[in-house]
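Pasting query25.pdb here (PDB, C-alpha atoms):
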MODEL        1
ATOM      1  CA  MET A   1     106.925  69.912  72.669
ATOM      2  CA  GLU A   2     106.477  70.144  76.417
ATOM      3  CA  GLN A   3     108.798  67.155  76.929
ATOM      4  CA  PHE A   4     111.530  69.224  75.234
ATOM      5  CA  SER A   5     111.199  72.265  77.481
ATOM      6  CA  GLU A   6     114.717  71.730  78.887
ATOM      7  CA  PHE A   7     116.055  72.166  75.342
ATOM      8  CA  LEU A   8     114.463  75.594  74.963
ATOM      9  CA  ILE A   9     117.126  78.263  75.408
ATOM     10  CA  SER A  10     115.992  81.781  76.169
ATOM     11  CA  PHE A  11     118.799  84.014  74.941
ATOM     12  CA  ILE A  12     117.173  87.400  75.575
ATOM     13  CA  GLY A  13     118.442  87.527  79.165
ATOM     14  CA  LEU A  14     121.932  86.261  78.441
ATOM     15  CA  LYS A  15     124.871  88.635  78.283
ATOM     16  CA  ASP A  16     127.044  88.750  75.186
ATOM     17  CA  GLY A  17     129.736  86.092  75.370
ATOM     18  CA  ILE A  18     130.089  82.357  75.783
ATOM     19  CA  HIS A  19     127.583  80.244  77.721
ATOM     20  CA  ARG A  20     127.647  76.480  78.210
ATOM     21  CA  PHE A  21     124.744  74.061  78.375
ATOM     22  CA  ASP A  22     124.877  70.319  79.077
ATOM     23  CA  PHE A  23     122.190  67.823  78.161
ATOM     24  CA  LYS A  24     121.875  64.128  79.018
ATOM     25  CA  ILE A  25     120.164  62.247  76.224
ATOM     26  CA  ASP A  26     118.386  58.957  76.895
ATOM     27  CA  ASN A  27     115.662  56.769  75.382
ATOM     28  CA  LYS A  28     112.927  59.166  76.463
ATOM     29  CA  PHE A  29     114.393  61.898  74.250
ATOM     30  CA  PHE A  30     114.117  59.723  71.127
ATOM     31  CA  GLU A  31     110.652  58.497  72.100
ATOM     32  CA  GLY A  32     109.548  62.133  71.914
ATOM     33  CA  PHE A  33     110.458  62.050  68.218
ATOM     34  CA  ASP A  34     108.818  58.604  67.741
ATOM     35  CA  PHE A  35     112.256  57.227  66.876
ATOM     36  CA  LEU A  36     112.641  53.731  68.286
ATOM     37  CA  ASP A  37     115.758  52.515  66.421
ATOM     38  CA  PHE A  38     118.038  53.082  69.417
ATOM     39  CA  GLN A  39     118.057  51.218  72.718
ATOM     40  CA  ASN A  40     119.964  52.021  75.920
ATOM     41  CA  VAL A  41     120.901  55.547  74.872
ATOM     42  CA  GLU A  42     123.623  57.195  76.960
ATOM     43  CA  ILE A  43     124.762  60.404  75.296
ATOM     44  CA  GLN A  44     126.177  63.591  76.753
ATOM     45  CA  VAL A  45     125.629  66.698  74.611
ATOM     46  CA  ASP A  46     127.643  69.822  75.314
ATOM     47  CA  LEU A  47     126.529  73.098  73.783
ATOM     48  CA  VAL A  48     128.809  76.112  73.605
ATOM     49  CA  PHE A  49     126.433  79.002  73.015
ATOM     50  CA  GLU A  50     128.077  82.255  71.991
ATOM     51  CA  LYS A  51     125.894  85.322  71.949
ATOM     52  CA  LYS A  52     127.172  88.155  69.794
ATOM     53  CA  LEU A  53     125.670  91.520  68.980
ATOM     54  CA  THR A  54     124.010  90.484  65.707
ATOM     55  CA  LEU A  55     124.042  86.689  65.762
ATOM     56  CA  LEU A  56     124.247  83.537  67.857
ATOM     57  CA  GLU A  57     126.788  80.781  67.358
ATOM     58  CA  LEU A  58     125.948  77.302  68.648
ATOM     59  CA  ASN A  59     128.572  74.549  68.735
ATOM     60  CA  PHE A  60     127.139  71.156  69.655
ATOM     61  CA  SER A  61     129.236  68.110  70.537
ATOM     62  CA  ALA A  62     127.894  64.705  71.503
ATOM     63  CA  LYS A  63     129.645  61.683  72.987
ATOM     64  CA  GLY A  64     128.201  58.447  74.224
ATOM     65  CA  LYS A  65     126.760  55.121  73.142
ATOM     66  CA  VAL A  66     123.569  53.741  71.662
ATOM     67  CA  THR A  67     122.590  50.100  71.397
ATOM     68  CA  VAL A  68     121.591  49.178  67.842
ATOM     69  CA  PRO A  69     121.016  45.935  65.942
ATOM     70  CA  CYS A  70     123.682  44.802  63.496
ATOM     71  CA  ASP A  71     122.498  44.995  59.895
ATOM     72  CA  ILE A  72     124.094  41.625  59.110
ATOM     73  CA  THR A  73     123.336  39.448  62.139
ATOM     74  CA  THR A  74     120.654  41.469  64.014
ATOM     75  CA  GLU A  75     122.774  41.059  67.168
ATOM     76  CA  LEU A  76     122.584  44.093  69.460
ATOM     77  CA  PHE A  77     125.800  46.008  70.092
ATOM     78  CA  LYS A  78     126.874  49.335  71.565
ATOM     79  CA  LEU A  79     127.729  51.839  68.872
ATOM     80  CA  PRO A  80     129.920  54.753  69.991
ATOM     81  CA  ILE A  81     128.659  58.231  69.146
ATOM     82  CA  ASP A  82     131.177  61.054  68.752
ATOM     83  CA  THR A  83     129.962  63.947  66.644
ATOM     84  CA  ALA A  84     129.804  67.732  66.427
ATOM     85  CA  PHE A  85     127.635  70.310  64.698
ATOM     86  CA  ARG A  86     127.874  74.067  64.267
ATOM     87  CA  LEU A  87     124.861  76.325  63.815
ATOM     88  CA  VAL A  88     124.846  80.068  63.193
ATOM     89  CA  VAL A  89     121.651  81.913  64.046
ATOM     90  CA  LYS A  90     120.942  85.249  62.417
ATOM     91  CA  PHE A  91     117.954  87.525  62.663
ATOM     92  CA  GLY A  92     115.924  88.744  59.713
ATOM     93  CA  SER A  93     112.626  88.664  57.902
ATOM     94  CA  ASP A  94     113.600  86.126  55.224
ATOM     95  CA  GLU A  95     113.578  82.394  55.794
ATOM     96  CA  ASN A  96     116.696  80.498  54.777
ATOM     97  CA  LEU A  97     115.909  76.945  53.706
ATOM     98  CA  ASN A  98     119.003  76.447  51.540
ATOM     99  CA  ASN A  99     121.640  76.183  54.245
ATOM    100  CA  ASP A 100     121.602  73.676  57.122
ATOM    101  CA  GLU A 101     124.244  75.542  59.111
ATOM    102  CA  ILE A 102     122.553  78.953  59.128
ATOM    103  CA  LEU A 103     119.191  79.547  60.743
ATOM    104  CA  ILE A 104     117.369  82.839  60.339
ATOM    105  CA  LEU A 105     114.972  83.699  63.160
ATOM    106  CA  PRO A 106     112.427  86.503  62.869
ATOM    107  CA  TYR A 107     113.272  89.808  64.526
ATOM    108  CA  GLY A 108     111.940  89.865  68.081
ATOM    109  CA  SER A 109     112.662  86.183  68.765
ATOM    110  CA  TYR A 110     113.891  85.557  72.274
ATOM    111  CA  GLU A 111     114.376  81.773  72.476
ATOM    112  CA  ILE A 112     115.544  78.851  70.381
ATOM    113  CA  GLN A 113     114.541  75.192  70.571
ATOM    114  CA  VAL A 114     117.654  73.013  70.117
ATOM    115  CA  ALA A 115     116.070  69.545  70.543
ATOM    116  CA  GLN A 116     115.578  69.028  66.792
ATOM    117  CA  TYR A 117     119.217  69.937  66.069
ATOM    118  CA  ILE A 118     120.473  67.530  68.733
ATOM    119  CA  PHE A 119     118.234  64.763  67.395
ATOM    120  CA  GLU A 120     119.412  65.239  63.808
ATOM    121  CA  MET A 121     123.072  65.483  64.811
ATOM    122  CA  ILE A 122     122.945  62.160  66.667
ATOM    123  CA  VAL A 123     120.864  60.260  64.105
ATOM    124  CA  LEU A 124     122.997  61.473  61.202
ATOM    125  CA  SER A 125     126.191  60.399  62.979
ATOM    126  CA  VAL A 126     125.118  56.746  62.861
ATOM    127  CA  PRO A 127     126.593  54.977  59.818
ATOM    128  CA  LEU A 128     124.248  53.746  57.095
ATOM    129  CA  LYS A 129     125.429  50.179  57.615
ATOM    130  CA  LYS A 130     125.747  49.187  61.246
ATOM    131  CA  VAL A 131     128.120  46.225  61.566
ATOM    132  CA  HIS A 132     128.870  44.476  64.846
ATOM    133  CA  PRO A 133     132.584  44.915  65.708
ATOM    134  CA  GLY A 134     132.820  41.175  66.391
ATOM    135  CA  ILE A 135     132.294  40.452  62.695
ATOM    136  CA  ALA A 136     135.392  42.391  61.648
ATOM    137  CA  ASP A 137     137.685  40.820  64.244
ATOM    138  CA  GLY A 138     136.094  37.348  64.036
ATOM    139  CA  THR A 139     135.066  37.089  67.682
ATOM    140  CA  LEU A 140     131.303  37.061  67.109
ATOM    141  CA  LYS A 141     129.787  33.588  66.994
ATOM    142  CA  SER A 142     126.328  33.683  65.503
ATOM    143  CA  GLU A 143     123.962  31.246  63.849
ATOM    144  CA  ILE A 144     123.299  33.790  61.107
ATOM    145  CA  LEU A 145     127.027  34.205  60.362
ATOM    146  CA  GLU A 146     127.425  30.446  60.027
ATOM    147  CA  LYS A 147     124.498  30.288  57.618
ATOM    148  CA  LEU A 148     125.928  33.167  55.570
ATOM    149  CA  LYS A 149     129.280  31.337  55.318
ATOM    150  CA  ASP A 150     127.480  28.233  54.054
ATOM    151  CA  LEU A 151     125.625  30.254  51.428
ATOM    152  CA  GLN A 152     128.711  32.112  50.249
ATOM    153  CA  PRO A 153     129.588  31.303  46.621
ATOM    154  CA  GLN A 154     132.503  28.938  46.222
ATOM    155  CA  GLU A 155     135.380  29.890  43.939
ATOM    156  CA  LYS A 156     136.130  27.582  41.030
ATOM    157  CA  SER A 157     139.498  27.456  39.422
ATOM    158  CA  LEU A 158     140.002  27.245  35.666
ATOM    159  CA  SER A 159     141.395  23.710  36.028
ATOM    160  CA  ASP A 160     138.002  22.413  37.194
ATOM    161  CA  GLU A 161     136.028  20.404  34.700
ATOM    162  CA  THR A 162     134.122  22.405  32.156
ATOM    163  CA  ASP A 163     130.563  22.256  30.983
ATOM    164  CA  PRO A 164     130.223  19.646  28.193
ATOM    165  CA  ARG A 165     128.075  22.021  26.148
ATOM    166  CA  TRP A 166     131.037  24.362  25.858
ATOM    167  CA  ASP A 167     133.290  21.482  24.881
ATOM    168  CA  LYS A 168     131.099  20.841  21.815
ATOM    169  CA  LEU A 169     131.613  24.474  20.755
ATOM    170  CA  LYS A 170     135.383  23.993  20.962
ATOM    171  CA  ASP A 171     135.081  21.166  18.403
ATOM    172  CA  LEU A 172     133.847  23.712  15.880
ATOM    173  CA  LEU A 173     137.247  25.408  15.884
TER
ENDMDL
END

What is this structure when it is put down as C-alpha coordinates?
Amino acid sequence: MEQFSEFLISFIGLKDGIHRFDFKIDNKFFEGFDFLDFQNVEIQVDLVFEKKLTLLELNFSAKGKVTVPCDITTELFKLPIDTAFRLVVKFGSDENLNNDEILILPYGSYEIQVAQYIFEMIVLSVPLKKVHPGIADGTLKSEILEKLKDLQPQEKSLSDETDPRWDKLKDLL
(Lines of atoms letter the chains of each structure in order from A and count residues from 1; the text may use other names and numbers.)
(Lines give C-alpha, C1' and ligand atoms only; values in the text may rest on other atoms or scores of the structure.)
Protein backbone atom coordinates (compact mmCIF):
# COMPACT_ATOMS: atom_id res chain seq x y z
CA MET A 1 0.00 0.00 0.00
CA GLU A 2 3.05 2.24 -0.08
CA GLN A 3 2.20 3.35 -3.63
CA PHE A 4 -1.08 4.70 -2.23
CA SER A 5 0.48 6.82 0.51
CA GLU A 6 -0.76 10.04 -1.13
CA PHE A 7 -4.32 8.74 -0.69
CA LEU A 8 -3.90 8.35 3.06
CA ILE A 9 -5.62 11.25 4.82
CA SER A 10 -4.68 11.95 8.40
CA PHE A 11 -7.69 13.71 9.89
CA ILE A 12 -6.50 13.95 13.50
CA GLY A 13 -4.70 17.25 12.87
CA LEU A 14 -7.42 18.84 10.77
CA LYS A 15 -9.73 21.44 12.23
CA ASP A 16 -13.48 20.93 12.09
CA GLY A 17 -14.85 22.18 8.78
CA ILE A 18 -14.38 21.65 5.07
CA HIS A 19 -11.06 20.60 3.54
CA ARG A 20 -10.34 19.91 -0.13
CA PHE A 21 -8.04 17.32 -1.64
CA ASP A 22 -7.21 16.83 -5.33
CA PHE A 23 -5.84 13.65 -6.86
CA LYS A 24 -4.60 12.96 -10.39
CA ILE A 25 -5.34 9.40 -11.40
CA ASP A 26 -3.31 7.68 -14.11
CA ASN A 27 -2.39 4.17 -15.27
CA LYS A 28 -0.03 3.66 -12.35
CA PHE A 29 -2.93 3.98 -9.90
CA PHE A 30 -4.83 1.11 -11.55
CA GLU A 31 -1.68 -0.99 -11.86
CA GLY A 32 -1.47 -0.86 -8.06
CA PHE A 33 -4.81 -2.70 -7.98
CA ASP A 34 -3.71 -5.12 -10.76
CA PHE A 35 -6.48 -3.70 -12.93
CA LEU A 36 -5.32 -3.48 -16.53
CA ASP A 37 -8.64 -2.89 -18.35
CA PHE A 38 -8.00 0.84 -18.78
CA GLN A 39 -5.37 2.51 -20.93
CA ASN A 40 -4.35 6.18 -21.06
CA VAL A 41 -6.12 7.13 -17.84
CA GLU A 42 -6.55 10.87 -17.26
CA ILE A 43 -8.88 11.46 -14.33
CA GLN A 44 -9.08 14.30 -11.85
CA VAL A 45 -10.63 13.37 -8.49
CA ASP A 46 -11.78 16.12 -6.15
CA LEU A 47 -12.52 15.25 -2.54
CA VAL A 48 -14.48 17.56 -0.28
CA PHE A 49 -13.65 16.33 3.20
CA GLU A 50 -15.84 17.71 5.96
CA LYS A 51 -14.75 17.03 9.50
CA LYS A 52 -17.50 17.28 12.09
CA LEU A 53 -17.46 16.65 15.81
CA THR A 54 -18.67 13.03 15.65
CA LEU A 55 -18.25 12.03 12.02
CA LEU A 56 -16.50 12.67 8.72
CA GLU A 57 -18.26 13.33 5.44
CA LEU A 58 -16.38 12.62 2.21
CA ASN A 59 -17.77 13.73 -1.16
CA PHE A 60 -15.78 12.39 -4.10
CA SER A 61 -16.19 13.58 -7.69
CA ALA A 62 -14.22 12.33 -10.67
CA LYS A 63 -13.97 13.68 -14.21
CA GLY A 64 -11.75 12.59 -17.03
CA LYS A 65 -11.24 9.94 -19.68
CA VAL A 66 -10.07 6.35 -19.94
CA THR A 67 -9.23 4.47 -23.11
CA VAL A 68 -11.11 1.17 -23.31
CA PRO A 69 -11.79 -1.40 -26.03
CA CYS A 70 -15.25 -1.49 -27.58
CA ASP A 71 -17.15 -4.64 -26.66
CA ILE A 72 -18.43 -5.00 -30.23
CA THR A 73 -15.46 -4.13 -32.44
CA THR A 74 -12.50 -4.19 -29.98
CA GLU A 75 -11.53 -0.74 -31.31
CA LEU A 76 -10.03 1.50 -28.62
CA PHE A 77 -11.90 4.69 -27.76
CA LYS A 78 -11.87 7.34 -25.05
CA LEU A 79 -14.70 6.86 -22.60
CA PRO A 80 -15.63 9.94 -20.56
CA ILE A 81 -15.79 9.48 -16.79
CA ASP A 82 -18.05 11.76 -14.76
CA THR A 83 -19.11 10.33 -11.42
CA ALA A 84 -19.57 11.14 -7.74
CA PHE A 85 -19.69 9.22 -4.49
CA ARG A 86 -20.56 10.15 -0.92
CA LEU A 87 -19.14 8.39 2.12
CA VAL A 88 -19.99 9.02 5.77
CA VAL A 89 -17.43 7.89 8.32
CA LYS A 90 -18.52 7.25 11.88
CA PHE A 91 -16.60 5.98 14.86
CA GLY A 92 -17.56 2.96 16.92
CA SER A 93 -16.71 -0.55 17.96
CA ASP A 94 -19.07 -2.36 15.57
CA GLU A 95 -18.24 -3.05 11.96
CA ASN A 96 -20.86 -2.09 9.40
CA LEU A 97 -20.75 -4.34 6.35
CA ASN A 98 -24.36 -3.77 5.25
CA ASN A 99 -24.07 -0.22 3.96
CA ASP A 100 -21.65 0.95 1.26
CA GLU A 101 -22.13 4.63 2.08
CA ILE A 102 -21.36 4.43 5.80
CA LEU A 103 -17.99 3.33 7.12
CA ILE A 104 -17.43 2.72 10.81
CA LEU A 105 -13.84 3.16 11.98
CA PRO A 106 -12.67 1.99 15.40
CA TYR A 107 -12.35 4.60 18.13
CA GLY A 108 -8.84 6.05 18.15
CA SER A 109 -8.42 5.97 14.36
CA TYR A 110 -6.57 8.97 13.03
CA GLU A 111 -6.34 8.38 9.26
CA ILE A 112 -8.36 6.98 6.39
CA GLN A 113 -7.17 5.38 3.15
CA VAL A 114 -9.34 6.63 0.26
CA ALA A 115 -7.60 4.84 -2.65
CA GLN A 116 -10.00 1.87 -2.59
CA TYR A 117 -13.05 4.17 -2.65
CA ILE A 118 -11.65 6.13 -5.60
CA PHE A 119 -10.86 2.92 -7.46
CA GLU A 120 -14.35 1.49 -6.93
CA MET A 121 -16.06 4.77 -7.83
CA ILE A 122 -14.25 4.97 -11.18
CA VAL A 123 -14.57 1.30 -12.12
CA LEU A 124 -18.26 1.20 -11.23
CA SER A 125 -18.95 4.29 -13.34
CA VAL A 126 -17.94 2.44 -16.52
CA PRO A 127 -20.98 0.95 -18.27
CA LEU A 128 -21.31 -2.82 -18.49
CA LYS A 129 -21.33 -2.66 -22.28
CA LYS A 130 -18.75 -0.31 -23.72
CA VAL A 131 -19.77 0.71 -27.24
CA HIS A 132 -17.66 2.92 -29.49
CA PRO A 133 -19.53 6.19 -30.20
CA GLY A 134 -18.78 5.76 -33.91
CA ILE A 135 -21.09 2.74 -34.04
CA ALA A 136 -24.13 4.74 -32.93
CA ASP A 137 -23.56 7.61 -35.36
CA GLY A 138 -22.29 5.40 -38.21
CA THR A 139 -18.88 7.02 -38.58
CA LEU A 140 -16.81 4.02 -37.49
CA LYS A 141 -15.52 1.92 -40.37
CA SER A 142 -14.34 -1.45 -39.15
CA GLU A 143 -13.74 -4.87 -40.63
CA ILE A 144 -15.60 -6.43 -37.71
CA LEU A 145 -18.67 -4.22 -38.27
CA GLU A 146 -18.78 -5.22 -41.92
CA LYS A 147 -18.60 -8.89 -40.99
CA LEU A 148 -21.38 -8.45 -38.41
CA LYS A 149 -23.59 -6.80 -41.06
CA ASP A 150 -23.01 -9.76 -43.38
CA LEU A 151 -23.93 -12.22 -40.64
CA GLN A 152 -27.05 -10.33 -39.59
CA PRO A 153 -30.23 -12.36 -40.20
CA GLN A 154 -32.21 -11.26 -43.22
CA GLU A 155 -35.91 -10.51 -42.86
CA LYS A 156 -38.32 -12.56 -44.94
CA SER A 157 -41.73 -11.32 -45.81
CA LEU A 158 -44.83 -13.52 -45.73
CA SER A 159 -45.11 -13.31 -49.53
CA ASP A 160 -41.86 -15.25 -49.96
CA GLU A 161 -42.18 -18.84 -51.04
CA THR A 162 -43.01 -21.29 -48.32
CA ASP A 163 -41.50 -24.58 -47.34
CA PRO A 164 -43.07 -27.40 -49.42
CA ARG A 165 -43.41 -29.57 -46.32
CA TRP A 166 -45.84 -27.05 -44.88
CA ASP A 167 -47.75 -26.94 -48.15
CA LYS A 168 -48.50 -30.68 -47.80
CA LEU A 169 -50.01 -30.00 -44.36
CA LYS A 170 -52.31 -27.38 -45.89
CA ASP A 171 -53.70 -30.08 -48.22
CA LEU A 172 -55.02 -31.89 -45.16
CA LEU A 173 -57.46 -29.05 -44.49

message: Just checking: using all atoms listed in the file, which residue out of A:Pro133, A:Gly64, A:Pro106, A:Pro127 ends up closest to A:Val45?
response: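 Closest candidate: A:Gly64.
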
- request: Determine, counting only C-alpha atoms, every residue of protein, DNA or RNA that lies within 12 Å of (110.0, 62.0, 72.5) in the file coordinates, then give the result as a PyMOL selection string.
  value: chain A and resi 1-5+25-36+115-116+119

Option closest in space to A:Gly134, from A:Gln113, A:Asn40, A:Ser61, A:Thr73 [counting all atoms listed in the file]: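 Closest to A:Gly134, using all atoms listed in the file: A:Thr73.
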
- prompt: Which residue, A:Leu105, A:Ile135, A:Val114, A:Val66, has the smallest gap to A:Arg86 when you use only C-alpha atoms?
  reply: A:Val114

field: the PyMOL selection byres ((chain A and resi 123) around 12) resolved against shown file, as a list of chain:residue names
entry: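 Going through the file, the PyMOL selection byres ((chain A and resi 123) around 12) ends up selecting A:Phe30, A:Phe33, A:Phe35, A:Leu36, A:Asp37, A:Phe38, A:Val41, A:Ile43, A:Ala62, A:Lys65, A:Val66, A:Val68, A:Leu79, A:Ile81, A:Asp82, A:Thr83, A:Ala84, A:Gln116, A:Tyr117, A:Ile118, A:Phe119, A:Glu120, A:Met121, A:Ile122, A:Leu124, A:Ser125, A:Val126, A:Pro127, A:Leu128.
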
- prompt: Using the chain letters and numbers from the file, which residues does the PyMOL selection byres ((chain A and resi 54) around 12) grab, as a PyMOL selection string?
  reply: chain A and resi 16+50-53+55-57+88-92+104-105+107

query: Quick one: distance from atom CA of A:Phe49 to atom CA of A:Ile9 in Å, one decimal?
result: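 We find that atom CA of A:Phe49 and atom CA of A:Ile9 lie 9.6 Å from each other.
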
Take stretch 35-46 of chain A, model all heavy atoms, and hand the result over as a PDB file, keeping the file's coordinate frame.
ATOM      1  N   PHE A  35     111.108  57.898  67.484  1.00  0.00           N
ATOM      2  CA  PHE A  35     112.256  57.227  66.876  1.00  0.00           C
ATOM      3  C   PHE A  35     112.670  56.106  67.809  1.00  0.00           C
ATOM      4  O   PHE A  35     113.198  56.357  68.893  1.00  0.00           O
ATOM      5  CB  PHE A  35     113.400  58.233  66.672  1.00  0.00           C
ATOM      6  CG  PHE A  35     114.560  57.683  65.909  1.00  0.00           C
ATOM      7  CD1 PHE A  35     114.514  57.607  64.526  1.00  0.00           C
ATOM      8  CD2 PHE A  35     115.700  57.250  66.563  1.00  0.00           C
ATOM      9  CE1 PHE A  35     115.585  57.111  63.807  1.00  0.00           C
ATOM     10  CE2 PHE A  35     116.776  56.752  65.857  1.00  0.00           C
ATOM     11  CZ  PHE A  35     116.712  56.686  64.470  1.00  0.00           C
ATOM     12  N   LEU A  36     112.412  54.867  67.405  1.00  0.00           N
ATOM     13  CA  LEU A  36     112.641  53.731  68.286  1.00  0.00           C
ATOM     14  C   LEU A  36     113.774  52.826  67.808  1.00  0.00           C
ATOM     15  O   LEU A  36     113.863  51.671  68.209  1.00  0.00           O
ATOM     16  CB  LEU A  36     111.346  52.925  68.416  1.00  0.00           C
ATOM     17  CG  LEU A  36     110.125  53.740  68.871  1.00  0.00           C
ATOM     18  CD1 LEU A  36     108.863  52.908  68.824  1.00  0.00           C
ATOM     19  CD2 LEU A  36     110.344  54.325  70.252  1.00  0.00           C
ATOM     20  N   ASP A  37     114.657  53.320  66.954  1.00  0.00           N
ATOM     21  CA  ASP A  37     115.758  52.515  66.421  1.00  0.00           C
ATOM     22  C   ASP A  37     116.879  52.305  67.429  1.00  0.00           C
ATOM     23  O   ASP A  37     117.656  51.375  67.289  1.00  0.00           O
ATOM     24  CB  ASP A  37     116.344  53.159  65.169  1.00  0.00           C
ATOM     25  CG  ASP A  37     115.382  53.121  63.998  1.00  0.00           C
ATOM     26  OD1 ASP A  37     114.252  52.621  64.162  1.00  0.00           O
ATOM     27  OD2 ASP A  37     115.761  53.606  62.920  1.00  0.00           O
ATOM     28  N   PHE A  38     116.967  53.171  68.422  1.00  0.00           N
ATOM     29  CA  PHE A  38     118.038  53.082  69.417  1.00  0.00           C
ATOM     30  C   PHE A  38     117.492  52.488  70.711  1.00  0.00           C
ATOM     31  O   PHE A  38     116.361  52.731  71.092  1.00  0.00           O
ATOM     32  CB  PHE A  38     118.610  54.460  69.749  1.00  0.00           C
ATOM     33  CG  PHE A  38     119.286  55.157  68.595  1.00  0.00           C
ATOM     34  CD1 PHE A  38     119.440  56.528  68.627  1.00  0.00           C
ATOM     35  CD2 PHE A  38     119.766  54.477  67.502  1.00  0.00           C
ATOM     36  CE1 PHE A  38     120.068  57.198  67.590  1.00  0.00           C
ATOM     37  CE2 PHE A  38     120.392  55.124  66.459  1.00  0.00           C
ATOM     38  CZ  PHE A  38     120.540  56.490  66.509  1.00  0.00           C
ATOM     39  N   GLN A  39     118.376  51.735  71.392  1.00  0.00           N
ATOM     40  CA  GLN A  39     118.057  51.218  72.718  1.00  0.00           C
ATOM     41  C   GLN A  39     119.200  51.612  73.651  1.00  0.00           C
ATOM     42  O   GLN A  39     120.321  51.829  73.201  1.00  0.00           O
ATOM     43  CB  GLN A  39     117.922  49.697  72.682  1.00  0.00           C
ATOM     44  CG  GLN A  39     116.829  49.216  71.765  1.00  0.00           C
ATOM     45  CD  GLN A  39     116.826  47.702  71.642  1.00  0.00           C
ATOM     46  OE1 GLN A  39     117.443  46.996  72.425  1.00  0.00           O
ATOM     47  NE2 GLN A  39     116.134  47.199  70.653  1.00  0.00           N
ATOM     48  N   ASN A  40     118.943  51.706  74.913  1.00  0.00           N
ATOM     49  CA  ASN A  40     119.964  52.021  75.920  1.00  0.00           C
ATOM     50  C   ASN A  40     120.825  53.213  75.511  1.00  0.00           C
ATOM     51  O   ASN A  40     122.046  53.105  75.371  1.00  0.00           O
ATOM     52  CB  ASN A  40     120.853  50.809  76.210  1.00  0.00           C
ATOM     53  CG  ASN A  40     120.053  49.627  76.707  1.00  0.00           C
ATOM     54  OD1 ASN A  40     119.027  49.789  77.360  1.00  0.00           O
ATOM     55  ND2 ASN A  40     120.497  48.443  76.384  1.00  0.00           N
ATOM     56  N   VAL A  41     120.208  54.339  75.313  1.00  0.00           N
ATOM     57  CA  VAL A  41     120.901  55.547  74.872  1.00  0.00           C
ATOM     58  C   VAL A  41     121.570  56.205  76.073  1.00  0.00           C
ATOM     59  O   VAL A  41     120.931  56.444  77.097  1.00  0.00           O
ATOM     60  CB  VAL A  41     119.908  56.527  74.205  1.00  0.00           C
ATOM     61  CG1 VAL A  41     120.603  57.803  73.785  1.00  0.00           C
ATOM     62  CG2 VAL A  41     119.217  55.863  73.036  1.00  0.00           C
ATOM     63  N   GLU A  42     122.855  56.478  75.931  1.00  0.00           N
ATOM     64  CA  GLU A  42     123.623  57.195  76.960  1.00  0.00           C
ATOM     65  C   GLU A  42     124.518  58.191  76.236  1.00  0.00           C
ATOM     66  O   GLU A  42     125.642  57.871  75.865  1.00  0.00           O
ATOM     67  CB  GLU A  42     124.486  56.221  77.764  1.00  0.00           C
ATOM     68  CG  GLU A  42     123.726  55.149  78.500  1.00  0.00           C
ATOM     69  CD  GLU A  42     124.650  54.083  79.074  1.00  0.00           C
ATOM     70  OE1 GLU A  42     125.884  54.252  79.003  1.00  0.00           O
ATOM     71  OE2 GLU A  42     124.129  53.089  79.575  1.00  0.00           O
ATOM     72  N   ILE A  43     124.009  59.401  76.045  1.00  0.00           N
ATOM     73  CA  ILE A  43     124.762  60.404  75.296  1.00  0.00           C
ATOM     74  C   ILE A  43     124.802  61.693  76.096  1.00  0.00           C
ATOM     75  O   ILE A  43     123.800  62.126  76.662  1.00  0.00           O
ATOM     76  CB  ILE A  43     124.132  60.662  73.911  1.00  0.00           C
ATOM     77  CG1 ILE A  43     124.154  59.374  73.087  1.00  0.00           C
ATOM     78  CG2 ILE A  43     124.862  61.769  73.172  1.00  0.00           C
ATOM     79  CD1 ILE A  43     123.476  59.481  71.757  1.00  0.00           C
ATOM     80  N   GLN A  44     125.971  62.285  76.120  1.00  0.00           N
ATOM     81  CA  GLN A  44     126.177  63.591  76.753  1.00  0.00           C
ATOM     82  C   GLN A  44     126.376  64.616  75.638  1.00  0.00           C
ATOM     83  O   GLN A  44     127.274  64.481  74.821  1.00  0.00           O
ATOM     84  CB  GLN A  44     127.401  63.557  77.672  1.00  0.00           C
ATOM     85  CG  GLN A  44     127.746  64.885  78.314  1.00  0.00           C
ATOM     86  CD  GLN A  44     126.695  65.340  79.310  1.00  0.00           C
ATOM     87  OE1 GLN A  44     126.139  64.544  80.039  1.00  0.00           O
ATOM     88  NE2 GLN A  44     126.433  66.623  79.319  1.00  0.00           N
ATOM     89  N   VAL A  45     125.519  65.635  75.613  1.00  0.00           N
ATOM     90  CA  VAL A  45     125.629  66.698  74.611  1.00  0.00           C
ATOM     91  C   VAL A  45     126.076  67.965  75.321  1.00  0.00           C
ATOM     92  O   VAL A  45     125.478  68.382  76.317  1.00  0.00           O
ATOM     93  CB  VAL A  45     124.283  66.937  73.882  1.00  0.00           C
ATOM     94  CG1 VAL A  45     124.382  68.126  72.947  1.00  0.00           C
ATOM     95  CG2 VAL A  45     123.861  65.702  73.124  1.00  0.00           C
ATOM     96  N   ASP A  46     127.142  68.551  74.802  1.00  0.00           N
ATOM     97  CA  ASP A  46     127.643  69.822  75.314  1.00  0.00           C
ATOM     98  C   ASP A  46     127.387  70.880  74.257  1.00  0.00           C
ATOM     99  O   ASP A  46     127.700  70.686  73.085  1.00  0.00           O
ATOM    100  CB  ASP A  46     129.136  69.735  75.611  1.00  0.00           C
ATOM    101  CG  ASP A  46     129.444  68.711  76.685  1.00  0.00           C
ATOM    102  OD1 ASP A  46     128.692  68.652  77.675  1.00  0.00           O
ATOM    103  OD2 ASP A  46     130.418  67.957  76.531  1.00  0.00           O
TER     104      ASP A  46
END
